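Single-structure report; data block below.
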Amino acid sequence: MAGLAAAGPVGRGSGGFPAHLKAASVVGARVVVANGCEGEPLSGEDRALLERAPHLVPDGLVVTAAATRLVTVAGDVREPGVREAPLGTTAEQFVELAGGGTEELAALLVGGCGGAVGAAGGVTPVTGTAVVAALGASACGVRETARVLAWLAGESRGRCGPCRFGLPTIAEDFATLSGLSGLGAGRVGRVGWAR
């Protein structure tokens, strides 16, 4: 709701009611009633909306009332999988929804492979791709990076220079650094740029 409040949108009616207050009042509600009654004798916004684009009313109700988010929780958690929670649920709260960490957590990768890694234990918003990966205290950041790079190199179609040559080289270098040499063997190998 903080993002909605900061953006400052108001309702489409003549009252200009702040949208974040309206949305906050129904988040998580099991039943929401839309009032299409004009509150001002001279206004006609509700009627115009209901006559011209009635589908927007239930769409708005679904987005507001069921504004939940599905997030994949992975890594060092007891019950990895997809969890659903209200918008604004932090990465740490998603970890708890997945049974908590299997050990003391050192870091969280939020936003998938292209996301950001931060220390565990704070209040981390879930941004970007809906993925929260928990890294336990015994996890090695270089090793986890090597695994991600090996997967990315293996998934690449190899049609451009960086994907065909660069990504496999970086993946192998990280595998060597982390002691996982041979990770992705057969898919990830060092290739020279030119002969």
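Identifiers for the structure tokens are assigned positionally: chains receive A, B, ... in sequence, residues are indexed from 1 per chain, and ligands are indexed from 1 in the order shown.
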When you look at Gly99 in chain A with a cut-off of 8 Å (counting only C-alpha atoms), what residues show up, excluding the ones that are within fewer than 5 positions of it in the same chain? I need them as a PyMOL selection string. chain A and resi 77-79
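Near Gly28 in chain A, within 10 Å and counting only C-alpha atoms, sit Ala23, Ala24, Ser25, Val26, Arg30, Val31, Val32, Thr64, Ala65, Ala66, Ala67, Thr68, Ala85, Pro86 and Leu87 of chain A; same-chain residues fewer than 2 positions away were not included.
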Take the residues just selected and output them with all heavy atoms as a compact mmCIF listing (two decimals), in the first residue's frame.
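After the write, selection-v8.txt holds the following:
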```txt
# COMPACT_ATOMS: atom_id res chain seq x y z
N ALA A 23 -8.26 0.92 -1.16
CA ALA A 23 -7.72 -0.43 -1.34
C ALA A 23 -7.37 -1.07 0.00
O ALA A 23 -7.65 -2.25 0.22
CB ALA A 23 -6.49 -0.39 -2.24
N ALA A 24 -6.79 -0.31 0.91
CA ALA A 24 -6.39 -0.86 2.21
C ALA A 24 -7.59 -1.34 3.01
O ALA A 24 -7.49 -2.28 3.79
CB ALA A 24 -5.62 0.19 3.01
N SER A 25 -8.73 -0.72 2.78
CA SER A 25 -9.91 -1.10 3.55
C SER A 25 -10.49 -2.45 3.15
O SER A 25 -11.28 -3.03 3.89
CB SER A 25 -10.98 -0.01 3.44
OG SER A 25 -11.53 0.00 2.13
N VAL A 26 -10.10 -2.98 2.00
CA VAL A 26 -10.67 -4.25 1.55
C VAL A 26 -9.65 -5.36 1.32
O VAL A 26 -10.03 -6.47 0.97
CB VAL A 26 -11.52 -4.07 0.27
CG1 VAL A 26 -12.70 -3.16 0.54
CG2 VAL A 26 -10.68 -3.56 -0.88
N ARG A 30 -13.16 -11.20 2.38
CA ARG A 30 -13.76 -12.32 1.66
C ARG A 30 -14.90 -11.85 0.76
O ARG A 30 -15.19 -12.48 -0.25
CB ARG A 30 -14.25 -13.36 2.64
CG ARG A 30 -13.10 -14.04 3.38
CD ARG A 30 -13.61 -15.08 4.34
NE ARG A 30 -14.44 -16.08 3.69
CZ ARG A 30 -14.00 -17.26 3.26
NH1 ARG A 30 -12.74 -17.56 3.40
NH2 ARG A 30 -14.81 -18.12 2.70
N VAL A 31 -15.55 -10.76 1.14
CA VAL A 31 -16.66 -10.22 0.36
C VAL A 31 -16.47 -8.72 0.26
O VAL A 31 -16.20 -8.05 1.25
CB VAL A 31 -18.03 -10.52 1.03
CG1 VAL A 31 -19.16 -9.86 0.26
CG2 VAL A 31 -18.25 -12.01 1.16
N VAL A 32 -16.62 -8.18 -0.95
CA VAL A 32 -16.53 -6.75 -1.17
C VAL A 32 -17.75 -6.34 -2.00
O VAL A 32 -18.08 -7.00 -2.98
CB VAL A 32 -15.24 -6.36 -1.93
CG1 VAL A 32 -15.19 -4.87 -2.19
CG2 VAL A 32 -14.01 -6.80 -1.15
N THR A 64 -8.25 -5.33 -6.15
CA THR A 64 -8.16 -4.74 -4.82
C THR A 64 -8.39 -5.76 -3.72
O THR A 64 -7.59 -5.88 -2.80
CB THR A 64 -9.18 -3.59 -4.68
OG1 THR A 64 -8.93 -2.65 -5.72
CG2 THR A 64 -9.04 -2.90 -3.35
N ALA A 65 -9.48 -6.52 -3.81
CA ALA A 65 -9.82 -7.44 -2.72
C ALA A 65 -8.91 -8.65 -2.68
O ALA A 65 -8.57 -9.14 -1.61
CB ALA A 65 -11.26 -7.88 -2.87
N ALA A 66 -8.54 -9.14 -3.83
CA ALA A 66 -7.72 -10.35 -3.86
C ALA A 66 -6.29 -10.01 -4.26
O ALA A 66 -5.64 -10.77 -4.92
CB ALA A 66 -8.32 -11.35 -4.84
N ALA A 67 -5.86 -8.79 -3.90
CA ALA A 67 -4.52 -8.33 -4.34
C ALA A 67 -3.45 -9.09 -3.61
O ALA A 67 -2.60 -8.55 -2.93
CB ALA A 67 -4.40 -6.86 -4.11
N THR A 68 -3.52 -10.28 -3.77
CA THR A 68 -2.49 -11.16 -3.18
C THR A 68 -1.42 -11.39 -4.22
O THR A 68 -1.56 -11.04 -5.39
CB THR A 68 -3.08 -12.53 -2.76
OG1 THR A 68 -3.62 -13.15 -3.90
CG2 THR A 68 -4.13 -12.36 -1.68
N ALA A 85 0.25 -14.77 -0.48
CA ALA A 85 0.10 -13.89 0.67
C ALA A 85 -0.30 -12.51 0.17
O ALA A 85 -0.14 -12.20 -1.02
CB ALA A 85 1.41 -13.82 1.46
N PRO A 86 -0.81 -11.67 1.06
CA PRO A 86 -1.20 -10.32 0.64
C PRO A 86 -0.02 -9.52 0.10
O PRO A 86 1.13 -9.75 0.46
CB PRO A 86 -1.73 -9.68 1.93
CG PRO A 86 -2.07 -10.82 2.82
CD PRO A 86 -1.11 -11.92 2.47
N LEU A 87 -0.35 -8.58 -0.80
CA LEU A 87 0.68 -7.66 -1.27
C LEU A 87 1.33 -6.99 -0.07
O LEU A 87 0.66 -6.71 0.93
CB LEU A 87 0.06 -6.59 -2.18
CG LEU A 87 -0.42 -7.08 -3.53
CD1 LEU A 87 -1.17 -5.96 -4.25
CD2 LEU A 87 0.73 -7.56 -4.38
```
Would you mind listing what lies within 6 Å of Ala137 in chain A as a list of chain:residue names, with only C-alpha atoms counted and same-chain residues fewer than 3 positions away left out? A:Glu104, A:Leu105, A:Ala106
Between A:Ala91, A:Leu167, A:Ala29, A:Cys37, which one has atoms that come closest to Leu50 in chain A, using only C-alpha atoms?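 Ranked by minimum distance to Leu50 in chain A, first place goes to A:Cys37.
CA of Ala107 in chain A to CA of Val126 in chain A spans 13.9 Å [interatomic distance, one decimal].
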In chain A, what's alpha helix (DSSP H) per DSSP? Answer as a VMD selection string? chain A and resid 2 to 7 19 to 24 45 to 52 56 to 65 91 to 97 141 to 155 161 167 to 178
Give me the residues within 12 Å of Gly88 in chain A as a ChimeraX atom specification, counting only C-alpha atoms and dropping any in the same chain fewer than 5 places off. /A:1-4,24,27-28,67-71,93-94,123-127
Restricting the output to N, CA, C and O atoms, write the selected residues as a PDB file, in the first residue's frame.
```pdb
ATOM      1  N   MET A   1       0.820  -1.195   0.000  1.00  0.00           N
ATOM      2  CA  MET A   1       0.000   0.000   0.000  1.00  0.00           C
ATOM      3  C   MET A   1       0.865   1.261   0.000  1.00  0.00           C
ATOM      4  O   MET A   1       0.419   2.286  -0.479  1.00  0.00           O
ATOM      5  N   ALA A   2       2.088   1.140   0.532  1.00  0.00           N
ATOM      6  CA  ALA A   2       2.953   2.317   0.588  1.00  0.00           C
ATOM      7  C   ALA A   2       3.243   2.852  -0.810  1.00  0.00           C
ATOM      8  O   ALA A   2       3.242   4.062  -1.036  1.00  0.00           O
ATOM      9  N   GLY A   3       3.469   1.935  -1.761  1.00  0.00           N
ATOM     10  CA  GLY A   3       3.732   2.355  -3.135  1.00  0.00           C
ATOM     11  C   GLY A   3       2.540   3.043  -3.757  1.00  0.00           C
ATOM     12  O   GLY A   3       2.673   4.038  -4.468  1.00  0.00           O
ATOM     13  N   LEU A   4       1.353   2.513  -3.475  1.00  0.00           N
ATOM     14  CA  LEU A   4       0.128   3.111  -3.989  1.00  0.00           C
ATOM     15  C   LEU A   4      -0.079   4.492  -3.368  1.00  0.00           C
ATOM     16  O   LEU A   4      -0.429   5.448  -4.060  1.00  0.00           O
ATOM     17  N   ALA A  24      -6.786  -0.308   0.908  1.00  0.00           N
ATOM     18  CA  ALA A  24      -6.390  -0.857   2.213  1.00  0.00           C
ATOM     19  C   ALA A  24      -7.593  -1.341   3.007  1.00  0.00           C
ATOM     20  O   ALA A  24      -7.489  -2.283   3.790  1.00  0.00           O
ATOM     21  N   VAL A  27      -8.368  -5.094   1.493  1.00  0.00           N
ATOM     22  CA  VAL A  27      -7.360  -6.125   1.275  1.00  0.00           C
ATOM     23  C   VAL A  27      -7.632  -7.301   2.199  1.00  0.00           C
ATOM     24  O   VAL A  27      -7.817  -7.146   3.396  1.00  0.00           O
ATOM     25  N   GLY A  28      -7.710  -8.473   1.609  1.00  0.00           N
ATOM     26  CA  GLY A  28      -7.943  -9.681   2.382  1.00  0.00           C
ATOM     27  C   GLY A  28      -9.399  -9.960   2.699  1.00  0.00           C
ATOM     28  O   GLY A  28      -9.712 -10.996   3.270  1.00  0.00           O
ATOM     29  N   ALA A  67      -5.862  -8.788  -3.903  1.00  0.00           N
ATOM     30  CA  ALA A  67      -4.524  -8.329  -4.338  1.00  0.00           C
ATOM     31  C   ALA A  67      -3.447  -9.087  -3.614  1.00  0.00           C
ATOM     32  O   ALA A  67      -2.598  -8.551  -2.933  1.00  0.00           O
ATOM     33  N   THR A  68      -3.519 -10.282  -3.767  1.00  0.00           N
ATOM     34  CA  THR A  68      -2.492 -11.158  -3.179  1.00  0.00           C
ATOM     35  C   THR A  68      -1.416 -11.389  -4.215  1.00  0.00           C
ATOM     36  O   THR A  68      -1.562 -11.045  -5.387  1.00  0.00           O
ATOM     37  N   ARG A  69      -0.352 -12.015  -3.775  1.00  0.00           N
ATOM     38  CA  ARG A  69       0.772 -12.289  -4.666  1.00  0.00           C
ATOM     39  C   ARG A  69       1.229 -13.725  -4.480  1.00  0.00           C
ATOM     40  O   ARG A  69       1.306 -14.218  -3.363  1.00  0.00           O
ATOM     41  N   LEU A  70       1.519 -14.389  -5.595  1.00  0.00           N
ATOM     42  CA  LEU A  70       2.106 -15.721  -5.560  1.00  0.00           C
ATOM     43  C   LEU A  70       3.620 -15.572  -5.671  1.00  0.00           C
ATOM     44  O   LEU A  70       4.110 -14.897  -6.573  1.00  0.00           O
ATOM     45  N   VAL A  71       4.337 -16.209  -4.769  1.00  0.00           N
ATOM     46  CA  VAL A  71       5.796 -16.118  -4.744  1.00  0.00           C
ATOM     47  C   VAL A  71       6.373 -17.517  -4.561  1.00  0.00           C
ATOM     48  O   VAL A  71       5.902 -18.283  -3.720  1.00  0.00           O
ATOM     49  N   GLN A  93       8.796 -12.891   5.648  1.00  0.00           N
ATOM     50  CA  GLN A  93       7.499 -13.489   5.958  1.00  0.00           C
ATOM     51  C   GLN A  93       7.196 -14.653   5.015  1.00  0.00           C
ATOM     52  O   GLN A  93       6.622 -15.665   5.433  1.00  0.00           O
ATOM     53  N   PHE A  94       7.601 -14.536   3.743  1.00  0.00           N
ATOM     54  CA  PHE A  94       7.419 -15.656   2.822  1.00  0.00           C
ATOM     55  C   PHE A  94       8.252 -16.857   3.258  1.00  0.00           C
ATOM     56  O   PHE A  94       7.808 -17.997   3.155  1.00  0.00           O
ATOM     57  N   VAL A 123      13.733  -6.308   6.788  1.00  0.00           N
ATOM     58  CA  VAL A 123      12.393  -6.189   6.234  1.00  0.00           C
ATOM     59  C   VAL A 123      12.604  -5.963   4.741  1.00  0.00           C
ATOM     60  O   VAL A 123      12.820  -4.848   4.292  1.00  0.00           O
ATOM     61  N   THR A 124      12.583  -7.056   3.982  1.00  0.00           N
ATOM     62  CA  THR A 124      12.935  -7.011   2.574  1.00  0.00           C
ATOM     63  C   THR A 124      11.686  -7.108   1.707  1.00  0.00           C
ATOM     64  O   THR A 124      11.011  -8.137   1.720  1.00  0.00           O
ATOM     65  N   PRO A 125      11.384  -6.055   0.935  1.00  0.00           N
ATOM     66  CA  PRO A 125      10.220  -6.142   0.044  1.00  0.00           C
ATOM     67  C   PRO A 125      10.495  -7.115  -1.094  1.00  0.00           C
ATOM     68  O   PRO A 125      11.634  -7.295  -1.518  1.00  0.00           O
ATOM     69  N   VAL A 126       9.442  -7.780  -1.562  1.00  0.00           N
ATOM     70  CA  VAL A 126       9.571  -8.685  -2.697  1.00  0.00           C
ATOM     71  C   VAL A 126       9.336  -7.869  -3.956  1.00  0.00           C
ATOM     72  O   VAL A 126       8.231  -7.409  -4.207  1.00  0.00           O
ATOM     73  N   THR A 127      10.408  -7.682  -4.728  1.00  0.00           N
ATOM     74  CA  THR A 127      10.335  -6.896  -5.956  1.00  0.00           C
ATOM     75  C   THR A 127      10.826  -7.746  -7.114  1.00  0.00           C
ATOM     76  O   THR A 127      11.460  -8.768  -6.921  1.00  0.00           O
TER      77      THR A 127
END
```
For Pro18 in chain A, list every protein, DNA or RNA residue within 8 Å, evaluated using only C-alpha atoms, and leave out those in the same chain fewer than 4 positions away; present the list as an MDAnalysis selection string. chainID A and resid 5 8:11 22
